[in-house]
Amino acid sequence: MTTVVSTVLLGTYADAVFETRFTGTRLDAVRQVITAPAPSFVAAHPATGVRYAVAEVEHGAVSAFAPTGELLATLPSAGSYPCHALVAGAHLWVANYGDGTAAVVPLGPDGRFAGSPRRLPGAGSGPDADRQEGPHVHSTTAVDTELWVADLGADLLRRFRDEAGEREAEPVRMPAGSGPRHLAVLADGTVAVSTELDDGLVLVRDGTVVVRVPATGTPPPPGGRNQPSHVAVVGELLVVAVRGADVLSVFRVGADGPVHLADSPVGGAWPRHFAAVGDHVLVACEHSDEVTALALDQATGRAKLIGSTPVPAPSCVLPL
């Protein structure tokens, strides 16, 4: 088991971004470092440390903050209810869930905003009348030299050839009604996709869907449903957080596809997002107002709860 000490930012729905420290055995108490409306997702510039927070509200916005927490600037997100942000070279990509628009903001060498957002509107719908009446962009992921945008509402993975979003390629068409949410890229270039609406895990190779499996072996609670949220590679394993069952579902992916190893309770309710720190996983449990820490066994895929710290409505975990 690898022990890594890390400072961690926590996005929330509580109009605050918090900071904590994970020592490998426990999470320190949190302290508020940013005040902002509904900062449900945060990102950081890798060179300058500038932090970015979306404002997941109807008239969406994205703000840049100095590492000290000082507000540097705020821009419209060019859409509604932004829920994800990604630094890609000299640009910040923002996913607007509400109206299905991706936005690309140019960044200067200092990490500050260097222009207005470039608006990349989506189009399409899906068979789920309640969730897929139109496009709903949920995340952006760097895949090799491209940027892929997951559109839950249109069952599409949109592909852009450049970080400025100026050259769009043929999208990956996902299974109807699947609702792609987040993506992870495996060592061999395979893209793993958590599909929120059909409780699935989909693998994509060379722009084509090759396999779909259930995201978890744990049934949902009575009267409820399972909704996979985040997916990420942790060491040699692929991990999916599943709301409803409230588990980390762990797979080993080989030439024959994904093999499900284990489901482990996250120790809280509604795991919206997680991040790896070494062989540990920190989970934002939105509905139980806490961030939990689990130790992940790379051999068995089982995760053991080692601690928890109170955080109001956590929705994003970002190790720095």
# chains A, B, ... in the order shown; residues from 1 in each chain; ligands from 1
>>> residues_around(residues="Gly69 (chain A)", least_positions_apart="5", cutoff="12 Å", atoms="only C-alpha atoms", output="PDB file with all heavy atoms, in the first residue's frame")
ATOM      1  N   LEU A   9      -8.496  19.829  -2.424  1.00  0.00           N
ATOM      2  CA  LEU A   9      -9.588  20.790  -2.522  1.00  0.00           C
ATOM      3  C   LEU A   9     -10.904  20.038  -2.667  1.00  0.00           C
ATOM      4  O   LEU A   9     -10.963  18.984  -3.326  1.00  0.00           O
ATOM      5  CB  LEU A   9      -9.410  21.707  -3.730  1.00  0.00           C
ATOM      6  CG  LEU A   9      -8.365  22.812  -3.665  1.00  0.00           C
ATOM      7  CD1 LEU A   9      -8.435  23.663  -4.927  1.00  0.00           C
ATOM      8  CD2 LEU A   9      -8.526  23.677  -2.441  1.00  0.00           C
ATOM      9  N   ALA A  16     -19.148  27.112  -0.994  1.00  0.00           N
ATOM     10  CA  ALA A  16     -17.798  27.182  -0.449  1.00  0.00           C
ATOM     11  C   ALA A  16     -16.945  26.064  -1.024  1.00  0.00           C
ATOM     12  O   ALA A  16     -17.429  24.957  -1.274  1.00  0.00           O
ATOM     13  CB  ALA A  16     -17.818  27.091   1.080  1.00  0.00           C
ATOM     14  N   VAL A  17     -15.665  26.380  -1.235  1.00  0.00           N
ATOM     15  CA  VAL A  17     -14.661  25.361  -1.534  1.00  0.00           C
ATOM     16  C   VAL A  17     -13.813  25.203  -0.280  1.00  0.00           C
ATOM     17  O   VAL A  17     -13.373  26.187   0.323  1.00  0.00           O
ATOM     18  CB  VAL A  17     -13.780  25.774  -2.728  1.00  0.00           C
ATOM     19  CG1 VAL A  17     -12.664  24.747  -2.949  1.00  0.00           C
ATOM     20  CG2 VAL A  17     -14.623  25.933  -3.983  1.00  0.00           C
ATOM     21  N   PHE A  18     -13.602  23.952   0.101  1.00  0.00           N
ATOM     22  CA  PHE A  18     -12.841  23.665   1.314  1.00  0.00           C
ATOM     23  C   PHE A  18     -11.505  23.017   0.958  1.00  0.00           C
ATOM     24  O   PHE A  18     -11.315  22.497  -0.139  1.00  0.00           O
ATOM     25  CB  PHE A  18     -13.639  22.727   2.231  1.00  0.00           C
ATOM     26  CG  PHE A  18     -14.910  23.319   2.763  1.00  0.00           C
ATOM     27  CD1 PHE A  18     -16.110  23.143   2.088  1.00  0.00           C
ATOM     28  CD2 PHE A  18     -14.917  24.068   3.931  1.00  0.00           C
ATOM     29  CE1 PHE A  18     -17.287  23.684   2.570  1.00  0.00           C
ATOM     30  CE2 PHE A  18     -16.080  24.617   4.422  1.00  0.00           C
ATOM     31  CZ  PHE A  18     -17.276  24.425   3.739  1.00  0.00           C
ATOM     32  N   GLU A  19     -10.614  23.057   1.919  1.00  0.00           N
ATOM     33  CA  GLU A  19      -9.314  22.411   1.762  1.00  0.00           C
ATOM     34  C   GLU A  19      -9.078  21.499   2.959  1.00  0.00           C
ATOM     35  O   GLU A  19      -9.451  21.825   4.092  1.00  0.00           O
ATOM     36  CB  GLU A  19      -8.205  23.462   1.676  1.00  0.00           C
ATOM     37  CG  GLU A  19      -6.813  22.886   1.436  1.00  0.00           C
ATOM     38  CD  GLU A  19      -5.767  23.989   1.332  1.00  0.00           C
ATOM     39  OE1 GLU A  19      -5.725  24.640   0.265  1.00  0.00           O
ATOM     40  OE2 GLU A  19      -5.018  24.215   2.307  1.00  0.00           O
ATOM     41  N   ARG A  31     -10.961  23.401   6.098  1.00  0.00           N
ATOM     42  CA  ARG A  31     -11.071  24.850   6.277  1.00  0.00           C
ATOM     43  C   ARG A  31     -11.554  25.456   4.968  1.00  0.00           C
ATOM     44  O   ARG A  31     -11.176  25.005   3.886  1.00  0.00           O
ATOM     45  CB  ARG A  31      -9.733  25.472   6.691  1.00  0.00           C
ATOM     46  CG  ARG A  31      -8.633  25.387   5.656  1.00  0.00           C
ATOM     47  CD  ARG A  31      -7.311  25.925   6.207  1.00  0.00           C
ATOM     48  NE  ARG A  31      -6.271  25.970   5.181  1.00  0.00           N
ATOM     49  CZ  ARG A  31      -5.979  27.035   4.450  1.00  0.00           C
ATOM     50  NH1 ARG A  31      -6.649  28.152   4.640  1.00  0.00           N
ATOM     51  NH2 ARG A  31      -5.025  26.995   3.534  1.00  0.00           N
ATOM     52  N   GLN A  32     -12.408  26.473   5.077  1.00  0.00           N
ATOM     53  CA  GLN A  32     -12.933  27.108   3.875  1.00  0.00           C
ATOM     54  C   GLN A  32     -11.868  28.001   3.267  1.00  0.00           C
ATOM     55  O   GLN A  32     -11.257  28.819   3.951  1.00  0.00           O
ATOM     56  CB  GLN A  32     -14.175  27.923   4.206  1.00  0.00           C
ATOM     57  CG  GLN A  32     -14.840  28.542   2.991  1.00  0.00           C
ATOM     58  CD  GLN A  32     -16.162  29.201   3.325  1.00  0.00           C
ATOM     59  OE1 GLN A  32     -16.795  28.874   4.327  1.00  0.00           O
ATOM     60  NE2 GLN A  32     -16.596  30.123   2.474  1.00  0.00           N
ATOM     61  N   VAL A  33     -11.632  27.869   1.950  1.00  0.00           N
ATOM     62  CA  VAL A  33     -10.613  28.669   1.283  1.00  0.00           C
ATOM     63  C   VAL A  33     -11.185  29.550   0.181  1.00  0.00           C
ATOM     64  O   VAL A  33     -10.524  30.499  -0.270  1.00  0.00           O
ATOM     65  CB  VAL A  33      -9.494  27.773   0.699  1.00  0.00           C
ATOM     66  CG1 VAL A  33      -8.689  27.139   1.822  1.00  0.00           C
ATOM     67  CG2 VAL A  33     -10.054  26.708  -0.229  1.00  0.00           C
ATOM     68  N   ILE A  34     -12.392  29.252  -0.295  1.00  0.00           N
ATOM     69  CA  ILE A  34     -13.032  30.030  -1.355  1.00  0.00           C
ATOM     70  C   ILE A  34     -14.511  30.151  -1.039  1.00  0.00           C
ATOM     71  O   ILE A  34     -15.148  29.175  -0.621  1.00  0.00           O
ATOM     72  CB  ILE A  34     -12.849  29.356  -2.746  1.00  0.00           C
ATOM     73  CG1 ILE A  34     -11.393  29.463  -3.210  1.00  0.00           C
ATOM     74  CG2 ILE A  34     -13.786  29.953  -3.785  1.00  0.00           C
ATOM     75  CD1 ILE A  34     -11.091  28.653  -4.460  1.00  0.00           C
ATOM     76  N   THR A  35     -15.065  31.334  -1.246  1.00  0.00           N
ATOM     77  CA  THR A  35     -16.500  31.551  -1.170  1.00  0.00           C
ATOM     78  C   THR A  35     -17.007  31.826  -2.573  1.00  0.00           C
ATOM     79  O   THR A  35     -16.511  32.730  -3.254  1.00  0.00           O
ATOM     80  CB  THR A  35     -16.843  32.729  -0.247  1.00  0.00           C
ATOM     81  OG1 THR A  35     -16.348  32.452   1.072  1.00  0.00           O
ATOM     82  CG2 THR A  35     -18.343  32.942  -0.178  1.00  0.00           C
ATOM     83  N   ALA A  36     -17.973  31.033  -3.027  1.00  0.00           N
ATOM     84  CA  ALA A  36     -18.494  31.165  -4.380  1.00  0.00           C
ATOM     85  C   ALA A  36     -19.838  30.450  -4.446  1.00  0.00           C
ATOM     86  O   ALA A  36     -20.091  29.536  -3.662  1.00  0.00           O
ATOM     87  CB  ALA A  36     -17.524  30.555  -5.395  1.00  0.00           C
ATOM     88  N   GLY A  49      -0.928  27.044 -10.194  1.00  0.00           N
ATOM     89  CA  GLY A  49      -1.738  26.816  -9.003  1.00  0.00           C
ATOM     90  C   GLY A  49      -3.034  27.591  -8.969  1.00  0.00           C
ATOM     91  O   GLY A  49      -3.781  27.501  -7.981  1.00  0.00           O
ATOM     92  N   VAL A  50      -3.341  28.386 -10.018  1.00  0.00           N
ATOM     93  CA  VAL A  50      -4.628  29.070 -10.066  1.00  0.00           C
ATOM     94  C   VAL A  50      -5.742  28.026 -10.003  1.00  0.00           C
ATOM     95  O   VAL A  50      -5.670  26.981 -10.646  1.00  0.00           O
ATOM     96  CB  VAL A  50      -4.756  29.916 -11.353  1.00  0.00           C
ATOM     97  CG1 VAL A  50      -6.181  30.438 -11.532  1.00  0.00           C
ATOM     98  CG2 VAL A  50      -3.782  31.085 -11.311  1.00  0.00           C
ATOM     99  N   ARG A  51      -6.761  28.315  -9.183  1.00  0.00           N
ATOM    100  CA  ARG A  51      -7.891  27.398  -9.045  1.00  0.00           C
ATOM    101  C   ARG A  51      -9.084  27.929  -9.830  1.00  0.00           C
ATOM    102  O   ARG A  51      -9.284  29.145  -9.926  1.00  0.00           O
ATOM    103  CB  ARG A  51      -8.283  27.242  -7.572  1.00  0.00           C
ATOM    104  CG  ARG A  51      -7.286  26.390  -6.765  1.00  0.00           C
ATOM    105  CD  ARG A  51      -6.173  27.252  -6.158  1.00  0.00           C
ATOM    106  NE  ARG A  51      -5.137  26.468  -5.499  1.00  0.00           N
ATOM    107  CZ  ARG A  51      -5.142  26.137  -4.209  1.00  0.00           C
ATOM    108  NH1 ARG A  51      -6.149  26.509  -3.459  1.00  0.00           N
ATOM    109  NH2 ARG A  51      -4.159  25.451  -3.689  1.00  0.00           N
ATOM    110  N   TYR A  52      -9.878  27.019 -10.360  1.00  0.00           N
ATOM    111  CA  TYR A  52     -11.074  27.386 -11.116  1.00  0.00           C
ATOM    112  C   TYR A  52     -12.269  26.675 -10.488  1.00  0.00           C
ATOM    113  O   TYR A  52     -12.183  25.499 -10.131  1.00  0.00           O
ATOM    114  CB  TYR A  52     -10.935  26.968 -12.582  1.00  0.00           C
ATOM    115  CG  TYR A  52      -9.635  27.409 -13.213  1.00  0.00           C
ATOM    116  CD1 TYR A  52      -8.553  26.537 -13.299  1.00  0.00           C
ATOM    117  CD2 TYR A  52      -9.478  28.713 -13.691  1.00  0.00           C
ATOM    118  CE1 TYR A  52      -7.347  26.938 -13.850  1.00  0.00           C
ATOM    119  CE2 TYR A  52      -8.274  29.125 -14.243  1.00  0.00           C
ATOM    120  CZ  TYR A  52      -7.212  28.232 -14.327  1.00  0.00           C
ATOM    121  OH  TYR A  52      -6.016  28.639 -14.861  1.00  0.00           O
ATOM    122  N   ALA A  53     -13.360  27.407 -10.364  1.00  0.00           N
ATOM    123  CA  ALA A  53     -14.582  26.831  -9.791  1.00  0.00           C
ATOM    124  C   ALA A  53     -15.765  27.213 -10.658  1.00  0.00           C
ATOM    125  O   ALA A  53     -15.926  28.391 -11.012  1.00  0.00           O
ATOM    126  CB  ALA A  53     -14.797  27.329  -8.365  1.00  0.00           C
ATOM    127  N   SER A  63     -15.125  30.907 -12.262  1.00  0.00           N
ATOM    128  CA  SER A  63     -14.248  31.896 -11.626  1.00  0.00           C
ATOM    129  C   SER A  63     -12.845  31.352 -11.484  1.00  0.00           C
ATOM    130  O   SER A  63     -12.639  30.136 -11.336  1.00  0.00           O
ATOM    131  CB  SER A  63     -14.789  32.281 -10.243  1.00  0.00           C
ATOM    132  OG  SER A  63     -16.062  32.897 -10.342  1.00  0.00           O
ATOM    133  N   ALA A  64     -11.885  32.261 -11.515  1.00  0.00           N
ATOM    134  CA  ALA A  64     -10.482  31.930 -11.272  1.00  0.00           C
ATOM    135  C   ALA A  64     -10.063  32.543  -9.950  1.00  0.00           C
ATOM    136  O   ALA A  64     -10.416  33.697  -9.650  1.00  0.00           O
ATOM    137  CB  ALA A  64      -9.602  32.450 -12.402  1.00  0.00           C
TER     138      ALA A  64
END
>>> residues_around(residues="Leu10 (chain A)", least_positions_apart="2", cutoff="10 Å", atoms="only C-alpha atoms", output="ChimeraX atom specification")
/A:8,12,16-20,30-33,39-42,284,291,311-319
>>> closest_residue(among="A:Val234, A:Ala95, A:Ala142, A:Ala29", to="Gly189 (chain A)", atoms="only C-alpha atoms")
A:Ala142
>>> residues_around(residues="region 262-275 of chain A", least_positions_apart="3", cutoff="6 Å", atoms="only C-alpha atoms", output="list of chain:residue names")
A:Ser229, A:His230, A:Arg243, A:Asp246, A:Val247, A:Leu248, A:Ser249, A:Val250, A:Val281, A:Leu282, A:Val283, A:Ala284, A:Cys285, A:Glu286, A:His287, A:Ser288, A:Gly301, A:Arg302, A:Ala303, A:Ser315, A:Cys316, A:Val317
>>> write_last_selection(atoms="all heavy atoms", output="short mmCIF file (atom, residue, chain, number, x, y, z; two decimals), in the first residue's frame")
data_model
loop_
_atom_site.label_atom_id
_atom_site.label_comp_id
_atom_site.auth_asym_id
_atom_site.auth_seq_id
_atom_site.Cartn_x
_atom_site.Cartn_y
_atom_site.Cartn_z
N SER A 229 -21.48 7.38 -11.17
CA SER A 229 -21.06 8.77 -11.29
C SER A 229 -19.66 8.82 -11.89
O SER A 229 -19.50 8.75 -13.10
CB SER A 229 -21.13 9.47 -9.93
OG SER A 229 -20.37 8.78 -8.95
N HIS A 230 -18.63 8.90 -11.05
CA HIS A 230 -17.27 9.07 -11.56
C HIS A 230 -16.63 7.72 -11.84
O HIS A 230 -16.96 6.70 -11.22
CB HIS A 230 -16.45 9.83 -10.52
CG HIS A 230 -15.13 10.29 -11.01
ND1 HIS A 230 -14.96 11.00 -12.18
CD2 HIS A 230 -13.87 10.15 -10.50
CE1 HIS A 230 -13.70 11.28 -12.36
NE2 HIS A 230 -13.00 10.77 -11.38
N ARG A 243 -23.91 5.58 -7.16
CA ARG A 243 -24.90 6.12 -6.23
C ARG A 243 -26.13 5.22 -6.23
O ARG A 243 -26.46 4.60 -7.24
CB ARG A 243 -25.29 7.55 -6.67
CG ARG A 243 -24.12 8.53 -6.61
CD ARG A 243 -24.40 9.78 -7.41
NE ARG A 243 -24.60 9.45 -8.83
CZ ARG A 243 -25.01 10.34 -9.74
NH1 ARG A 243 -25.28 11.58 -9.39
NH2 ARG A 243 -25.15 9.97 -10.99
N ASP A 246 -24.33 2.91 -3.38
CA ASP A 246 -23.34 3.61 -2.57
C ASP A 246 -22.09 2.75 -2.35
O ASP A 246 -21.65 2.52 -1.22
CB ASP A 246 -23.94 4.06 -1.23
CG ASP A 246 -24.99 5.15 -1.41
OD1 ASP A 246 -25.03 5.79 -2.48
OD2 ASP A 246 -25.80 5.36 -0.48
N VAL A 247 -21.53 2.32 -3.48
CA VAL A 247 -20.34 1.47 -3.43
C VAL A 247 -19.29 1.99 -4.41
O VAL A 247 -19.58 2.74 -5.35
CB VAL A 247 -20.66 0.01 -3.80
CG1 VAL A 247 -21.63 -0.60 -2.80
CG2 VAL A 247 -21.21 -0.11 -5.22
N LEU A 248 -18.04 1.57 -4.16
CA LEU A 248 -17.00 1.62 -5.17
C LEU A 248 -16.97 0.25 -5.84
O LEU A 248 -16.74 -0.77 -5.18
CB LEU A 248 -15.64 1.93 -4.56
CG LEU A 248 -15.42 3.33 -4.00
CD1 LEU A 248 -13.99 3.47 -3.49
CD2 LEU A 248 -15.72 4.42 -5.02
N SER A 249 -17.22 0.23 -7.14
CA SER A 249 -17.20 -1.00 -7.91
C SER A 249 -15.88 -1.07 -8.66
O SER A 249 -15.51 -0.14 -9.37
CB SER A 249 -18.38 -1.01 -8.90
OG SER A 249 -18.40 -2.20 -9.65
N VAL A 250 -15.15 -2.17 -8.49
CA VAL A 250 -13.77 -2.25 -8.97
C VAL A 250 -13.62 -3.36 -10.01
O VAL A 250 -14.12 -4.48 -9.82
CB VAL A 250 -12.81 -2.49 -7.79
CG1 VAL A 250 -11.36 -2.61 -8.27
CG2 VAL A 250 -12.92 -1.33 -6.79
N VAL A 281 -8.59 6.06 -1.86
CA VAL A 281 -9.63 6.75 -2.61
C VAL A 281 -10.41 7.64 -1.66
O VAL A 281 -10.87 7.18 -0.61
CB VAL A 281 -10.58 5.73 -3.29
CG1 VAL A 281 -11.65 6.47 -4.09
CG2 VAL A 281 -9.80 4.79 -4.20
N LEU A 282 -10.52 8.92 -2.02
CA LEU A 282 -11.29 9.88 -1.24
C LEU A 282 -12.59 10.14 -1.97
O LEU A 282 -12.60 10.50 -3.15
CB LEU A 282 -10.51 11.19 -1.07
CG LEU A 282 -9.08 11.07 -0.54
CD1 LEU A 282 -8.45 12.44 -0.38
CD2 LEU A 282 -9.05 10.29 0.77
N VAL A 283 -13.71 9.96 -1.26
CA VAL A 283 -15.03 9.95 -1.90
C VAL A 283 -15.89 11.09 -1.36
O VAL A 283 -16.05 11.23 -0.14
CB VAL A 283 -15.75 8.60 -1.64
CG1 VAL A 283 -17.07 8.57 -2.41
CG2 VAL A 283 -14.87 7.43 -2.04
N ALA A 284 -16.44 11.89 -2.28
CA ALA A 284 -17.38 12.95 -1.91
C ALA A 284 -18.77 12.36 -1.78
O ALA A 284 -19.42 12.05 -2.79
CB ALA A 284 -17.37 14.05 -2.96
N CYS A 285 -19.23 12.18 -0.55
CA CYS A 285 -20.55 11.59 -0.28
C CYS A 285 -21.53 12.74 -0.07
O CYS A 285 -21.70 13.25 1.05
CB CYS A 285 -20.48 10.68 0.94
SG CYS A 285 -19.37 9.27 0.73
N GLU A 286 -22.18 13.12 -1.16
CA GLU A 286 -22.98 14.35 -1.17
C GLU A 286 -24.12 14.35 -0.16
O GLU A 286 -24.34 15.33 0.55
CB GLU A 286 -23.53 14.57 -2.57
CG GLU A 286 -24.36 15.82 -2.73
CD GLU A 286 -25.02 15.92 -4.10
OE1 GLU A 286 -24.70 15.08 -4.97
OE2 GLU A 286 -25.86 16.81 -4.28
N HIS A 287 -24.86 13.26 -0.07
CA HIS A 287 -26.07 13.25 0.74
C HIS A 287 -25.82 13.01 2.23
O HIS A 287 -26.71 13.27 3.04
CB HIS A 287 -27.06 12.21 0.21
CG HIS A 287 -27.69 12.60 -1.09
ND1 HIS A 287 -28.62 11.83 -1.73
CD2 HIS A 287 -27.52 13.70 -1.87
CE1 HIS A 287 -28.99 12.42 -2.86
NE2 HIS A 287 -28.33 13.55 -2.97
N SER A 288 -24.66 12.51 2.60
CA SER A 288 -24.35 12.34 4.03
C SER A 288 -23.38 13.39 4.53
O SER A 288 -22.91 13.30 5.68
CB SER A 288 -23.80 10.93 4.29
OG SER A 288 -22.66 10.66 3.49
N GLY A 301 -9.13 -5.85 -5.12
CA GLY A 301 -10.10 -4.85 -5.52
C GLY A 301 -11.02 -4.40 -4.41
O GLY A 301 -11.90 -3.57 -4.62
N ARG A 302 -10.80 -4.90 -3.21
CA ARG A 302 -11.65 -4.50 -2.09
C ARG A 302 -11.11 -3.21 -1.46
O ARG A 302 -9.90 -3.00 -1.38
CB ARG A 302 -11.73 -5.60 -1.04
CG ARG A 302 -12.37 -6.88 -1.57
CD ARG A 302 -12.70 -7.87 -0.48
NE ARG A 302 -13.34 -9.06 -1.02
CZ ARG A 302 -14.63 -9.13 -1.33
NH1 ARG A 302 -15.42 -8.09 -1.13
NH2 ARG A 302 -15.14 -10.24 -1.84
N ALA A 303 -12.05 -2.37 -1.01
CA ALA A 303 -11.69 -1.10 -0.40
C ALA A 303 -12.19 -1.08 1.04
O ALA A 303 -13.35 -1.43 1.32
CB ALA A 303 -12.28 0.06 -1.18
N SER A 315 -19.06 17.57 -3.57
CA SER A 315 -19.37 17.11 -4.92
C SER A 315 -18.15 16.91 -5.79
O SER A 315 -18.27 16.40 -6.91
CB SER A 315 -20.30 18.14 -5.60
OG SER A 315 -19.75 19.44 -5.50
N CYS A 316 -16.96 17.27 -5.32
CA CYS A 316 -15.75 17.13 -6.11
C CYS A 316 -14.55 17.00 -5.19
O CYS A 316 -14.47 17.69 -4.16
CB CYS A 316 -15.58 18.34 -7.03
SG CYS A 316 -14.04 18.36 -7.98
N VAL A 317 -13.61 16.12 -5.55
CA VAL A 317 -12.38 15.92 -4.78
C VAL A 317 -11.19 16.16 -5.72
O VAL A 317 -11.08 15.51 -6.75
CB VAL A 317 -12.31 14.48 -4.21
CG1 VAL A 317 -11.03 14.31 -3.41
CG2 VAL A 317 -13.53 14.18 -3.36
#
>>> residues_around(residues="Arg225 (chain A)", least_positions_apart="3", cutoff="9 Å", atoms="only C-alpha atoms", output="MDAnalysis selection string")
chainID A and resid 199 219:222 243:245
>>> residues_around(residues="Val62 (chain A)", least_positions_apart="5", cutoff="6 Å", atoms="only C-alpha atoms", output="compact mmCIF listing (two decimals) with N, CA and C atoms, in the first residue's frame")
# COMPACT_ATOMS: atom_id res chain seq x y z
N ALA A 53 -13.36 27.41 -10.36
CA ALA A 53 -14.58 26.83 -9.79
C ALA A 53 -15.77 27.21 -10.66
N VAL A 54 -16.58 26.22 -11.03
CA VAL A 54 -17.82 26.52 -11.73
C VAL A 54 -18.84 27.01 -10.72
N ALA A 55 -19.84 27.74 -11.21
CA ALA A 55 -21.01 28.10 -10.40
C ALA A 55 -22.19 27.37 -11.03
N THR A 74 -14.25 36.50 -12.89
CA THR A 74 -15.41 35.64 -13.13
C THR A 74 -15.93 35.90 -14.53
N LEU A 75 -16.25 34.82 -15.24
CA LEU A 75 -16.80 34.90 -16.58
C LEU A 75 -18.09 34.10 -16.65
N SER A 77 -20.28 31.15 -18.07
CA SER A 77 -19.84 29.83 -18.55
C SER A 77 -20.37 29.52 -19.94
>>> select_by_dssp(residues="region 89-315 of chain A", states="strand (DSSP E or B)", output="number ranges by chain")
A: 91-96, 101-107, 113, 118-121, 137-143, 146-151, 156-160, 168-173, 180-185, 191-195, 200-205, 208-214, 227-234, 237-243, 247-254, 257-265, 271-277, 280-285, 290-296, 303-310, 314-315
>>> closest_residue(among="A:Leu107, A:Val172, A:Leu71, A:Ala78", to="Thr48 (chain A)", atoms="only C-alpha atoms")
A:Leu107
>>> residues_around(residues="Thr23 (chain A)", least_positions_apart="4", cutoff="12 Å", atoms="only C-alpha atoms", output="ChimeraX atom specification")
/A:2-8,27-29,277-278,280,282,293,306-307,319
>>> closest_residue(among="A:Ala66, A:Val231, A:Ala43, A:Val149", to="Gly165 (chain A)", atoms="only C-alpha atoms")
A:Val149
>>> residues_around(residues="Ala169 (chain A)", least_positions_apart="4", cutoff="10 Å", atoms="only C-alpha atoms", output="PyMOL selection string")
chain A and resi 146+148+158-162
>>> closest_residue(among="A:Arg167, A:His136, A:Arg205, A:Thr218", to="Gly179 (chain A)", atoms="only C-alpha atoms")
A:His136
>>> decode(residues="region 175-189 of chain A", atoms="C-alpha atoms", output="short mmCIF file (atom, residue, chain, number, x, y, z; two decimals), in the first residue's frame")
data_model
loop_
_atom_site.label_atom_id
_atom_site.label_comp_id
_atom_site.auth_asym_id
_atom_site.auth_seq_id
_atom_site.Cartn_x
_atom_site.Cartn_y
_atom_site.Cartn_z
CA PRO A 175 -25.93 2.85 -26.58
CA ALA A 176 -29.36 4.50 -26.69
CA GLY A 177 -30.54 5.60 -23.27
CA SER A 178 -27.18 4.95 -21.61
CA GLY A 179 -26.40 8.54 -20.57
CA PRO A 180 -22.57 8.85 -20.64
CA ARG A 181 -21.31 10.84 -17.66
CA HIS A 182 -17.55 10.55 -16.96
CA LEU A 183 -14.60 8.97 -18.77
CA ALA A 184 -11.28 7.39 -17.82
CA VAL A 185 -8.42 6.46 -20.14
CA LEU A 186 -6.64 3.14 -19.58
CA ALA A 187 -2.96 2.53 -20.24
CA ASP A 188 -3.63 0.97 -23.66
CA GLY A 189 -5.76 3.90 -24.79
#
